[in-house]
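Student: Below is the file data-v5.cif, which contains mmCIF, N, CA and C atoms.
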```cif
data_protein
#
loop_
_atom_site.group_PDB
_atom_site.id
_atom_site.type_symbol
_atom_site.label_atom_id
_atom_site.label_comp_id
_atom_site.auth_asym_id
_atom_site.auth_seq_id
_atom_site.Cartn_x
_atom_site.Cartn_y
_atom_site.Cartn_z
ATOM 1 N N MET A 1 -59.753 -27.175 -3.523
ATOM 2 C CA MET A 1 -61.089 -27.511 -3.039
ATOM 3 C C MET A 1 -61.007 -28.829 -2.274
ATOM 4 N N GLN A 2 -61.617 -28.838 -1.111
ATOM 5 C CA GLN A 2 -61.604 -30.025 -0.254
ATOM 6 C C GLN A 2 -62.820 -30.884 -0.566
ATOM 7 N N VAL A 3 -62.599 -32.171 -0.793
ATOM 8 C CA VAL A 3 -63.691 -33.096 -1.048
ATOM 9 C C VAL A 3 -64.016 -33.834 0.239
ATOM 10 N N THR A 4 -65.291 -33.911 0.562
ATOM 11 C CA THR A 4 -65.734 -34.555 1.791
ATOM 12 C C THR A 4 -65.662 -36.064 1.651
ATOM 13 N N MET A 5 -65.175 -36.713 2.677
ATOM 14 C CA MET A 5 -65.127 -38.170 2.691
ATOM 15 C C MET A 5 -66.552 -38.710 2.813
ATOM 16 N N SER A 6 -66.815 -39.828 2.171
ATOM 17 C CA SER A 6 -68.161 -40.390 2.192
ATOM 18 C C SER A 6 -68.614 -40.760 3.597
ATOM 19 N N SER A 7 -67.663 -40.976 4.514
ATOM 20 C CA SER A 7 -68.046 -41.323 5.881
ATOM 21 C C SER A 7 -68.734 -40.155 6.586
ATOM 22 N N HIS A 8 -68.614 -38.947 6.049
ATOM 23 C CA HIS A 8 -69.278 -37.781 6.625
ATOM 24 C C HIS A 8 -70.707 -37.627 6.116
ATOM 25 N N TYR A 9 -71.038 -38.269 5.026
ATOM 26 C CA TYR A 9 -72.356 -38.095 4.428
ATOM 27 C C TYR A 9 -73.517 -38.476 5.358
ATOM 28 N N PRO A 10 -73.451 -39.580 6.075
ATOM 29 C CA PRO A 10 -74.598 -39.890 6.953
ATOM 30 C C PRO A 10 -74.883 -38.777 7.963
ATOM 31 N N LYS A 11 -73.840 -38.257 8.576
ATOM 32 C CA LYS A 11 -74.010 -37.181 9.548
ATOM 33 C C LYS A 11 -74.569 -35.935 8.870
ATOM 34 N N LYS A 12 -74.047 -35.622 7.704
ATOM 35 C CA LYS A 12 -74.492 -34.430 6.992
ATOM 36 C C LYS A 12 -75.944 -34.551 6.523
ATOM 37 N N LEU A 13 -76.326 -35.723 6.057
ATOM 38 C CA LEU A 13 -77.719 -35.909 5.643
ATOM 39 C C LEU A 13 -78.653 -35.736 6.832
ATOM 40 N N ARG A 14 -78.246 -36.231 7.973
ATOM 41 C CA ARG A 14 -79.054 -36.068 9.187
ATOM 42 C C ARG A 14 -79.155 -34.596 9.561
ATOM 43 N N GLU A 15 -78.041 -33.862 9.462
ATOM 44 C CA GLU A 15 -78.052 -32.429 9.765
ATOM 45 C C GLU A 15 -79.001 -31.678 8.829
ATOM 46 N N ILE A 16 -78.991 -32.045 7.566
ATOM 47 C CA ILE A 16 -79.909 -31.423 6.603
ATOM 48 C C ILE A 16 -81.350 -31.719 6.997
ATOM 49 N N ARG A 17 -81.626 -32.971 7.286
ATOM 50 C CA ARG A 17 -82.987 -33.374 7.656
ATOM 51 C C ARG A 17 -83.466 -32.610 8.886
ATOM 52 N N LEU A 18 -82.613 -32.500 9.886
ATOM 53 C CA LEU A 18 -82.984 -31.798 11.108
ATOM 54 C C LEU A 18 -83.155 -30.292 10.875
ATOM 55 N N ALA A 19 -82.275 -29.700 10.061
ATOM 56 C CA ALA A 19 -82.385 -28.272 9.766
ATOM 57 C C ALA A 19 -83.698 -27.955 9.049
ATOM 58 N N GLU A 20 -84.155 -28.903 8.243
ATOM 59 C CA GLU A 20 -85.414 -28.724 7.524
ATOM 60 C C GLU A 20 -86.615 -29.150 8.363
ATOM 61 N N GLN A 21 -86.341 -29.573 9.580
ATOM 62 C CA GLN A 21 -87.367 -30.003 10.540
ATOM 63 C C GLN A 21 -88.250 -31.118 9.970
ATOM 64 N N LEU A 22 -87.570 -32.105 9.390
ATOM 65 C CA LEU A 22 -88.265 -33.243 8.792
ATOM 66 C C LEU A 22 -88.030 -34.503 9.615
ATOM 67 N N THR A 23 -89.050 -35.335 9.681
ATOM 68 C CA THR A 23 -88.871 -36.660 10.256
ATOM 69 C C THR A 23 -88.136 -37.511 9.228
ATOM 70 N N GLN A 24 -87.658 -38.666 9.669
ATOM 71 C CA GLN A 24 -87.038 -39.583 8.713
ATOM 72 C C GLN A 24 -88.037 -39.975 7.632
ATOM 73 N N LYS A 25 -89.291 -40.182 7.993
ATOM 74 C CA LYS A 25 -90.328 -40.563 7.041
ATOM 75 C C LYS A 25 -90.565 -39.445 6.022
ATOM 76 N N GLN A 26 -90.644 -38.213 6.476
ATOM 77 C CA GLN A 26 -90.847 -37.089 5.564
ATOM 78 C C GLN A 26 -89.662 -36.950 4.608
ATOM 79 N N PHE A 27 -88.447 -37.101 5.137
ATOM 80 C CA PHE A 27 -87.250 -37.031 4.305
ATOM 81 C C PHE A 27 -87.274 -38.141 3.264
ATOM 82 N N SER A 28 -87.695 -39.316 3.678
ATOM 83 C CA SER A 28 -87.821 -40.450 2.771
ATOM 84 C C SER A 28 -88.814 -40.144 1.652
ATOM 85 N N ASP A 29 -89.970 -39.620 2.022
ATOM 86 C CA ASP A 29 -91.001 -39.302 1.035
ATOM 87 C C ASP A 29 -90.529 -38.256 0.027
ATOM 88 N N LEU A 30 -89.781 -37.269 0.490
ATOM 89 C CA LEU A 30 -89.312 -36.203 -0.398
ATOM 90 C C LEU A 30 -88.207 -36.659 -1.345
ATOM 91 N N THR A 31 -87.330 -37.514 -0.843
ATOM 92 C CA THR A 31 -86.148 -37.896 -1.633
ATOM 93 C C THR A 31 -86.318 -39.191 -2.414
ATOM 94 N N GLY A 32 -87.267 -40.023 -2.009
ATOM 95 C CA GLY A 32 -87.411 -41.322 -2.656
ATOM 96 C C GLY A 32 -86.455 -42.370 -2.105
ATOM 97 N N ILE A 33 -85.756 -42.040 -1.033
ATOM 98 C CA ILE A 33 -84.857 -42.984 -0.365
ATOM 99 C C ILE A 33 -85.704 -43.737 0.656
ATOM 100 N N SER A 34 -85.575 -45.043 0.696
ATOM 101 C CA SER A 34 -86.418 -45.817 1.613
ATOM 102 C C SER A 34 -86.157 -45.419 3.060
ATOM 103 N N LEU A 35 -87.199 -45.498 3.869
ATOM 104 C CA LEU A 35 -87.102 -45.160 5.279
ATOM 105 C C LEU A 35 -86.062 -46.026 5.981
ATOM 106 N N GLY A 36 -86.042 -47.312 5.654
ATOM 107 C CA GLY A 36 -85.054 -48.217 6.238
ATOM 108 C C GLY A 36 -83.633 -47.800 5.915
ATOM 109 N N SER A 37 -83.417 -47.368 4.676
ATOM 110 C CA SER A 37 -82.076 -46.913 4.281
ATOM 111 C C SER A 37 -81.677 -45.670 5.056
ATOM 112 N N ILE A 38 -82.597 -44.730 5.203
ATOM 113 C CA ILE A 38 -82.289 -43.510 5.955
ATOM 114 C C ILE A 38 -81.914 -43.865 7.389
ATOM 115 N N LYS A 39 -82.673 -44.762 8.000
ATOM 116 C CA LYS A 39 -82.345 -45.191 9.363
ATOM 117 C C LYS A 39 -80.965 -45.837 9.415
ATOM 118 N N ASN A 40 -80.663 -46.661 8.426
ATOM 119 C CA ASN A 40 -79.354 -47.322 8.385
ATOM 120 C C ASN A 40 -78.223 -46.322 8.181
ATOM 121 N N TYR A 41 -78.440 -45.303 7.337
ATOM 122 C CA TYR A 41 -77.410 -44.286 7.134
ATOM 123 C C TYR A 41 -77.161 -43.515 8.427
ATOM 124 N N GLU A 42 -78.239 -43.119 9.077
ATOM 125 C CA GLU A 42 -78.105 -42.283 10.264
ATOM 126 C C GLU A 42 -77.514 -43.025 11.453
ATOM 127 N N THR A 43 -77.632 -44.336 11.480
ATOM 128 C CA THR A 43 -77.023 -45.112 12.566
ATOM 129 C C THR A 43 -75.648 -45.645 12.182
ATOM 130 N N GLY A 44 -75.203 -45.339 10.971
ATOM 131 C CA GLY A 44 -73.878 -45.755 10.533
ATOM 132 C C GLY A 44 -73.788 -47.199 10.089
ATOM 133 N N GLN A 45 -74.930 -47.851 9.888
ATOM 134 C CA GLN A 45 -74.921 -49.254 9.479
ATOM 135 C C GLN A 45 -74.650 -49.429 7.987
ATOM 136 N N THR A 46 -74.929 -48.378 7.206
ATOM 137 C CA THR A 46 -74.768 -48.443 5.757
ATOM 138 C C THR A 46 -74.068 -47.188 5.268
ATOM 139 N N ASP A 47 -73.162 -47.341 4.297
ATOM 140 C CA ASP A 47 -72.506 -46.191 3.687
ATOM 141 C C ASP A 47 -73.470 -45.489 2.740
ATOM 142 N N VAL A 48 -73.269 -44.199 2.586
ATOM 143 C CA VAL A 48 -74.061 -43.399 1.657
ATOM 144 C C VAL A 48 -73.313 -43.334 0.330
ATOM 145 N N GLY A 49 -73.955 -43.765 -0.731
ATOM 146 C CA GLY A 49 -73.348 -43.722 -2.055
ATOM 147 C C GLY A 49 -73.778 -42.496 -2.841
ATOM 148 N N LEU A 50 -73.188 -42.331 -4.005
ATOM 149 C CA LEU A 50 -73.494 -41.175 -4.845
ATOM 150 C C LEU A 50 -74.941 -41.148 -5.323
ATOM 151 N N LYS A 51 -75.554 -42.316 -5.481
ATOM 152 C CA LYS A 51 -76.955 -42.353 -5.898
ATOM 153 C C LYS A 51 -77.837 -41.663 -4.855
ATOM 154 N N VAL A 52 -77.550 -41.902 -3.585
ATOM 155 C CA VAL A 52 -78.311 -41.289 -2.498
ATOM 156 C C VAL A 52 -78.078 -39.784 -2.494
ATOM 157 N N ILE A 53 -76.835 -39.367 -2.616
ATOM 158 C CA ILE A 53 -76.514 -37.937 -2.659
ATOM 159 C C ILE A 53 -77.246 -37.283 -3.825
ATOM 160 N N ASP A 54 -77.272 -37.942 -4.966
ATOM 161 C CA ASP A 54 -77.968 -37.422 -6.141
ATOM 162 C C ASP A 54 -79.469 -37.272 -5.869
ATOM 163 N N LEU A 55 -80.067 -38.258 -5.209
ATOM 164 C CA LEU A 55 -81.493 -38.182 -4.888
ATOM 165 C C LEU A 55 -81.796 -36.996 -3.971
ATOM 166 N N VAL A 56 -80.941 -36.779 -3.005
ATOM 167 C CA VAL A 56 -81.148 -35.667 -2.068
ATOM 168 C C VAL A 56 -80.980 -34.333 -2.791
ATOM 169 N N LEU A 57 -79.869 -34.180 -3.510
ATOM 170 C CA LEU A 57 -79.575 -32.898 -4.137
ATOM 171 C C LEU A 57 -80.440 -32.614 -5.362
ATOM 172 N N SER A 58 -81.137 -33.606 -5.866
ATOM 173 C CA SER A 58 -82.053 -33.393 -6.982
ATOM 174 C C SER A 58 -83.353 -32.733 -6.534
ATOM 175 N N HIS A 59 -83.634 -32.796 -5.237
ATOM 176 C CA HIS A 59 -84.862 -32.187 -4.726
ATOM 177 C C HIS A 59 -84.607 -30.691 -4.493
ATOM 178 N N PRO A 60 -85.460 -29.826 -5.042
ATOM 179 C CA PRO A 60 -85.236 -28.373 -4.917
ATOM 180 C C PRO A 60 -85.067 -27.882 -3.483
ATOM 181 N N GLN A 61 -85.703 -28.506 -2.525
ATOM 182 C CA GLN A 61 -85.623 -28.078 -1.124
ATOM 183 C C GLN A 61 -84.217 -28.235 -0.559
ATOM 184 N N PHE A 62 -83.433 -29.162 -1.113
ATOM 185 C CA PHE A 62 -82.117 -29.467 -0.551
ATOM 186 C C PHE A 62 -80.956 -28.975 -1.409
ATOM 187 N N GLN A 63 -81.231 -28.376 -2.560
ATOM 188 C CA GLN A 63 -80.160 -27.932 -3.454
ATOM 189 C C GLN A 63 -79.278 -26.859 -2.828
ATOM 190 N N LYS A 64 -79.817 -26.116 -1.869
ATOM 191 C CA LYS A 64 -79.052 -25.061 -1.202
ATOM 192 C C LYS A 64 -77.892 -25.621 -0.376
ATOM 193 N N TYR A 65 -77.881 -26.928 -0.137
ATOM 194 C CA TYR A 65 -76.824 -27.563 0.659
ATOM 195 C C TYR A 65 -75.755 -28.254 -0.206
ATOM 196 N N THR A 66 -75.823 -28.120 -1.514
ATOM 197 C CA THR A 66 -74.928 -28.854 -2.415
ATOM 198 C C THR A 66 -73.457 -28.611 -2.103
ATOM 199 N N MET A 67 -73.041 -27.354 -2.068
ATOM 200 C CA MET A 67 -71.621 -27.066 -1.823
ATOM 201 C C MET A 67 -71.171 -27.586 -0.468
ATOM 202 N N TRP A 68 -72.001 -27.370 0.550
ATOM 203 C CA TRP A 68 -71.631 -27.814 1.894
ATOM 204 C C TRP A 68 -71.534 -29.333 1.970
ATOM 205 N N LEU A 69 -72.493 -30.005 1.381
ATOM 206 C CA LEU A 69 -72.496 -31.473 1.425
ATOM 207 C C LEU A 69 -71.296 -32.048 0.687
ATOM 208 N N MET A 70 -70.959 -31.476 -0.449
ATOM 209 C CA MET A 70 -69.903 -32.041 -1.280
ATOM 210 C C MET A 70 -68.501 -31.551 -0.916
ATOM 211 N N THR A 71 -68.375 -30.301 -0.430
ATOM 212 C CA THR A 71 -67.038 -29.736 -0.257
ATOM 213 C C THR A 71 -66.798 -29.057 1.085
ATOM 214 N N ASP A 72 -67.779 -29.057 1.972
ATOM 215 C CA ASP A 72 -67.648 -28.384 3.268
ATOM 216 C C ASP A 72 -67.511 -26.867 3.132
ATOM 217 N N THR A 73 -67.955 -26.302 2.030
ATOM 218 C CA THR A 73 -67.908 -24.856 1.856
ATOM 219 C C THR A 73 -69.322 -24.331 1.653
ATOM 220 N N VAL A 74 -69.485 -23.034 1.862
ATOM 221 C CA VAL A 74 -70.772 -22.377 1.637
ATOM 222 C C VAL A 74 -70.544 -21.123 0.810
ATOM 223 N N ASN A 75 -71.596 -20.633 0.206
ATOM 224 C CA ASN A 75 -71.560 -19.385 -0.542
ATOM 225 C C ASN A 75 -72.952 -18.778 -0.464
ATOM 226 N N PRO A 76 -73.283 -18.167 0.680
ATOM 227 C CA PRO A 76 -74.637 -17.647 0.886
ATOM 228 C C PRO A 76 -75.087 -16.669 -0.190
ATOM 229 N N GLU A 77 -74.135 -15.930 -0.778
ATOM 230 C CA GLU A 77 -74.492 -14.981 -1.827
ATOM 231 C C GLU A 77 -75.137 -15.673 -3.023
ATOM 232 N N PHE A 78 -74.828 -16.948 -3.201
ATOM 233 C CA PHE A 78 -75.384 -17.734 -4.300
ATOM 234 C C PHE A 78 -76.371 -18.781 -3.799
ATOM 235 N N GLY A 79 -76.835 -18.618 -2.566
ATOM 236 C CA GLY A 79 -77.840 -19.515 -2.018
ATOM 237 C C GLY A 79 -77.314 -20.852 -1.553
ATOM 238 N N GLN A 80 -76.003 -20.972 -1.387
ATOM 239 C CA GLN A 80 -75.399 -22.222 -0.940
ATOM 240 C C GLN A 80 -75.025 -22.092 0.531
ATOM 241 N N ILE A 81 -75.754 -22.828 1.387
ATOM 242 C CA ILE A 81 -75.597 -22.705 2.826
ATOM 243 C C ILE A 81 -75.340 -24.058 3.472
ATOM 244 N N SER A 82 -75.059 -24.016 4.760
ATOM 245 C CA SER A 82 -74.973 -25.231 5.569
ATOM 246 C C SER A 82 -76.236 -25.289 6.417
ATOM 247 N N PRO A 83 -76.529 -26.432 7.020
ATOM 248 C CA PRO A 83 -77.723 -26.507 7.870
ATOM 249 C C PRO A 83 -77.739 -25.473 8.995
ATOM 250 N N THR A 84 -76.574 -25.110 9.526
ATOM 251 C CA THR A 84 -76.553 -24.119 10.596
ATOM 252 C C THR A 84 -76.909 -22.725 10.094
ATOM 253 N N LEU A 85 -76.801 -22.497 8.778
ATOM 254 C CA LEU A 85 -77.187 -21.215 8.193
ATOM 255 C C LEU A 85 -78.619 -21.225 7.669
ATOM 256 N N SER A 86 -79.270 -22.372 7.767
ATOM 257 C CA SER A 86 -80.650 -22.486 7.322
ATOM 258 C C SER A 86 -81.523 -21.541 8.146
ATOM 259 N N PRO A 87 -82.555 -20.957 7.541
ATOM 260 C CA PRO A 87 -83.426 -20.060 8.314
ATOM 261 C C PRO A 87 -83.953 -20.711 9.591
ATOM 262 N N ASP A 88 -84.191 -22.012 9.573
ATOM 263 C CA ASP A 88 -84.649 -22.702 10.765
ATOM 264 C C ASP A 88 -83.486 -23.197 11.605
ATOM 265 N N GLY A 89 -82.365 -23.512 10.959
ATOM 266 C CA GLY A 89 -81.165 -23.948 11.659
ATOM 267 C C GLY A 89 -81.350 -25.237 12.434
ATOM 268 N N LEU A 90 -80.255 -25.814 12.862
ATOM 269 C CA LEU A 90 -80.304 -27.050 13.627
ATOM 270 C C LEU A 90 -80.821 -26.834 15.038
ATOM 271 N N ASP A 91 -80.583 -25.660 15.597
ATOM 272 C CA ASP A 91 -80.959 -25.409 16.984
ATOM 273 C C ASP A 91 -82.147 -24.466 17.085
ATOM 274 N N SER A 92 -82.956 -24.438 16.062
ATOM 275 C CA SER A 92 -84.090 -23.522 16.030
ATOM 276 C C SER A 92 -85.089 -23.819 17.140
ATOM 277 N N THR A 93 -85.624 -22.758 17.699
ATOM 278 C CA THR A 93 -86.702 -22.909 18.664
ATOM 279 C C THR A 93 -87.994 -22.339 18.104
ATOM 280 N N SER A 94 -87.977 -21.971 16.808
ATOM 281 C CA SER A 94 -89.132 -21.300 16.230
ATOM 282 C C SER A 94 -90.128 -22.241 15.591
ATOM 283 N N LYS A 95 -89.900 -23.529 15.636
ATOM 284 C CA LYS A 95 -90.791 -24.469 14.958
ATOM 285 C C LYS A 95 -92.245 -24.282 15.385
ATOM 286 N N SER A 96 -92.479 -24.116 16.681
ATOM 287 C CA SER A 96 -93.847 -23.985 17.164
ATOM 288 C C SER A 96 -94.428 -22.618 16.862
ATOM 289 N N GLN A 97 -93.586 -21.687 16.402
ATOM 290 C CA GLN A 97 -94.064 -20.345 16.116
ATOM 291 C C GLN A 97 -94.437 -20.150 14.653
ATOM 292 N N LYS A 98 -94.176 -21.107 13.795
ATOM 293 C CA LYS A 98 -94.487 -20.965 12.383
ATOM 294 C C LYS A 98 -95.956 -20.671 12.202
ATOM 295 N N GLY A 99 -96.220 -19.671 11.373
ATOM 296 C CA GLY A 99 -97.589 -19.354 11.052
ATOM 297 C C GLY A 99 -98.284 -18.462 12.062
ATOM 298 N N GLN A 100 -97.597 -18.128 13.156
ATOM 299 C CA GLN A 100 -98.215 -17.282 14.166
ATOM 300 C C GLN A 100 -97.877 -15.823 13.868
ATOM 301 N N LYS A 101 -98.807 -14.933 14.107
ATOM 302 C CA LYS A 101 -98.586 -13.513 13.901
ATOM 303 C C LYS A 101 -97.971 -12.904 15.148
ATOM 304 N N ALA A 102 -97.064 -11.983 14.952
ATOM 305 C CA ALA A 102 -96.456 -11.287 16.082
ATOM 306 C C ALA A 102 -97.334 -10.108 16.477
ATOM 307 N N GLY A 103 -97.377 -9.805 17.764
ATOM 308 C CA GLY A 103 -98.078 -8.627 18.251
ATOM 309 C C GLY A 103 -99.492 -8.891 18.384
#
```
Please lay out the structure from this file as structure tokens.
Tutor:
Amino acid sequence: MQVTMSSHYPKKLREIRLAEQLTQKQFSDLTGISLGSIKNYETGQTDVGLKVIDLVLSHPQFQKYTMWLMTDTVNPEFGQISPTLSPDGLDSTSKSQKGQKAG
């Protein structure tokens, strides 16, 4: 099993946030991580520690990313995905279509 280096965590947290279509403020509110810290992580000014990872993965909305965040692996059969496998995905264009009926 491959363990992800902590230097990858800031990028991965940002990918999760974007896949969930959350602003930094919304991500902060959900995880309890200060907005300033999130900004610092995403710009590479501060390292991400295990406490931050624990706060993110403790939230039910983000538990599906546990394997990917920690080991770079996924297991969709067990609900463990990467942000690119998220229903909204990183490159989703459906954000403005949420809640709209087809036809």
Student: In range 3-98 of chain A, what's helix (DSSP H, G or I) per DSSP? Answer as a ChimeraX atom specification?
Tutor: /A:6-19,24-31,35-42,50-57,60-71,76-78,83-85,95-97
Student: Taking the file as I've supplied it (selection: the PyMOL selection byres ((chain A and resi 9) around 8)), which residues are included? Please answer as a compact mmCIF listing (two decimals) with N, CA and C atoms, in the coordinates of the input.
Tutor:
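Below is the file that was written, expr-v7.txt:
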```txt
# COMPACT_ATOMS: atom_id res chain seq x y z
N THR A 4 -65.29 -33.91 0.56
CA THR A 4 -65.73 -34.56 1.79
C THR A 4 -65.66 -36.06 1.65
N MET A 5 -65.18 -36.71 2.68
CA MET A 5 -65.13 -38.17 2.69
C MET A 5 -66.55 -38.71 2.81
N SER A 6 -66.82 -39.83 2.17
CA SER A 6 -68.16 -40.39 2.19
C SER A 6 -68.61 -40.76 3.60
N SER A 7 -67.66 -40.98 4.51
CA SER A 7 -68.05 -41.32 5.88
C SER A 7 -68.73 -40.16 6.59
N HIS A 8 -68.61 -38.95 6.05
CA HIS A 8 -69.28 -37.78 6.62
C HIS A 8 -70.71 -37.63 6.12
N PRO A 10 -73.45 -39.58 6.08
CA PRO A 10 -74.60 -39.89 6.95
C PRO A 10 -74.88 -38.78 7.96
N LYS A 11 -73.84 -38.26 8.58
CA LYS A 11 -74.01 -37.18 9.55
C LYS A 11 -74.57 -35.94 8.87
N LYS A 12 -74.05 -35.62 7.70
CA LYS A 12 -74.49 -34.43 6.99
C LYS A 12 -75.94 -34.55 6.52
N LEU A 13 -76.33 -35.72 6.06
CA LEU A 13 -77.72 -35.91 5.64
C LEU A 13 -78.65 -35.74 6.83
N ARG A 14 -78.25 -36.23 7.97
CA ARG A 14 -79.05 -36.07 9.19
C ARG A 14 -79.16 -34.60 9.56
N GLU A 15 -78.04 -33.86 9.46
CA GLU A 15 -78.05 -32.43 9.76
C GLU A 15 -79.00 -31.68 8.83
N TYR A 41 -78.44 -45.30 7.34
CA TYR A 41 -77.41 -44.29 7.13
C TYR A 41 -77.16 -43.52 8.43
N GLU A 42 -78.24 -43.12 9.08
CA GLU A 42 -78.10 -42.28 10.26
C GLU A 42 -77.51 -43.02 11.45
N ASP A 47 -73.16 -47.34 4.30
CA ASP A 47 -72.51 -46.19 3.69
C ASP A 47 -73.47 -45.49 2.74
N VAL A 48 -73.27 -44.20 2.59
CA VAL A 48 -74.06 -43.40 1.66
C VAL A 48 -73.31 -43.33 0.33
N GLY A 49 -73.96 -43.76 -0.73
CA GLY A 49 -73.35 -43.72 -2.06
C GLY A 49 -73.78 -42.50 -2.84
N LEU A 69 -72.49 -30.00 1.38
CA LEU A 69 -72.50 -31.47 1.42
C LEU A 69 -71.30 -32.05 0.69
```
Student: Between range 35-80 of chain A and range 20-26 of chain A, at 7 Å or less, what are the per-residue closest atom pairs and their distances in Å? Count all atoms listed in the file, order by chain and rising residue number, and return it as a Markdown table.
Tutor:
```
| residue | atom | partner | partner_atom | distance |
| --- | --- | --- | --- | --- |
| A:Leu35 | CA | A:Gln24 | C | 5.8 |
| A:Ile38 | CA | A:Gln24 | CA | 6.8 |
| A:Lys39 | N | A:Gln24 | CA | 6.8 |
```
Student: What is the distance, in Å and to one decimal place, between CA of Pro60 in chain A and atom N of Gln45 in chain A?
Tutor: 26.5 Å
Student: What is the distance between CA of Leu55 in chain A and CA of Ser37 in chain A, in Å to one decimal?
Tutor: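 According to the coordinates, CA of Leu55 in chain A and CA of Ser37 in chain A are separated by 12.7 Å.
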Student: What is the distance between CA of Phe62 in chain A and atom C of Gly44 in chain A, in Å to one decimal?
Tutor: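 Atom C of Gly44 in chain A lies at a distance of 22.3 Å from CA of Phe62 in chain A.
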Student: What's the 6 Å shell around range 76-84 of chain A, counting only N, CA and C atoms, without same-chain residues fewer than 5 positions away, as a short mmCIF file (atom, residue, chain, number, x, y, z; two decimals) with N, CA and C atoms, in the frame of the given file?
Tutor:
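Okay, this is what ended up in result.cif:
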```cif
data_model
loop_
_atom_site.label_atom_id
_atom_site.label_comp_id
_atom_site.auth_asym_id
_atom_site.auth_seq_id
_atom_site.Cartn_x
_atom_site.Cartn_y
_atom_site.Cartn_z
N GLU A 15 -78.04 -33.86 9.46
CA GLU A 15 -78.05 -32.43 9.76
C GLU A 15 -79.00 -31.68 8.83
N ILE A 16 -78.99 -32.04 7.57
CA ILE A 16 -79.91 -31.42 6.60
C ILE A 16 -81.35 -31.72 7.00
N ALA A 19 -82.28 -29.70 10.06
CA ALA A 19 -82.38 -28.27 9.77
C ALA A 19 -83.70 -27.96 9.05
N LYS A 64 -79.82 -26.12 -1.87
CA LYS A 64 -79.05 -25.06 -1.20
C LYS A 64 -77.89 -25.62 -0.38
N TYR A 65 -77.88 -26.93 -0.14
CA TYR A 65 -76.82 -27.56 0.66
C TYR A 65 -75.76 -28.25 -0.21
N THR A 66 -75.82 -28.12 -1.51
CA THR A 66 -74.93 -28.85 -2.42
C THR A 66 -73.46 -28.61 -2.10
N MET A 67 -73.04 -27.35 -2.07
CA MET A 67 -71.62 -27.07 -1.82
C MET A 67 -71.17 -27.59 -0.47
N TRP A 68 -72.00 -27.37 0.55
CA TRP A 68 -71.63 -27.81 1.89
C TRP A 68 -71.53 -29.33 1.97
N GLY A 89 -82.36 -23.51 10.96
CA GLY A 89 -81.17 -23.95 11.66
C GLY A 89 -81.35 -25.24 12.43
N LEU A 90 -80.26 -25.81 12.86
CA LEU A 90 -80.30 -27.05 13.63
C LEU A 90 -80.82 -26.83 15.04
#
```
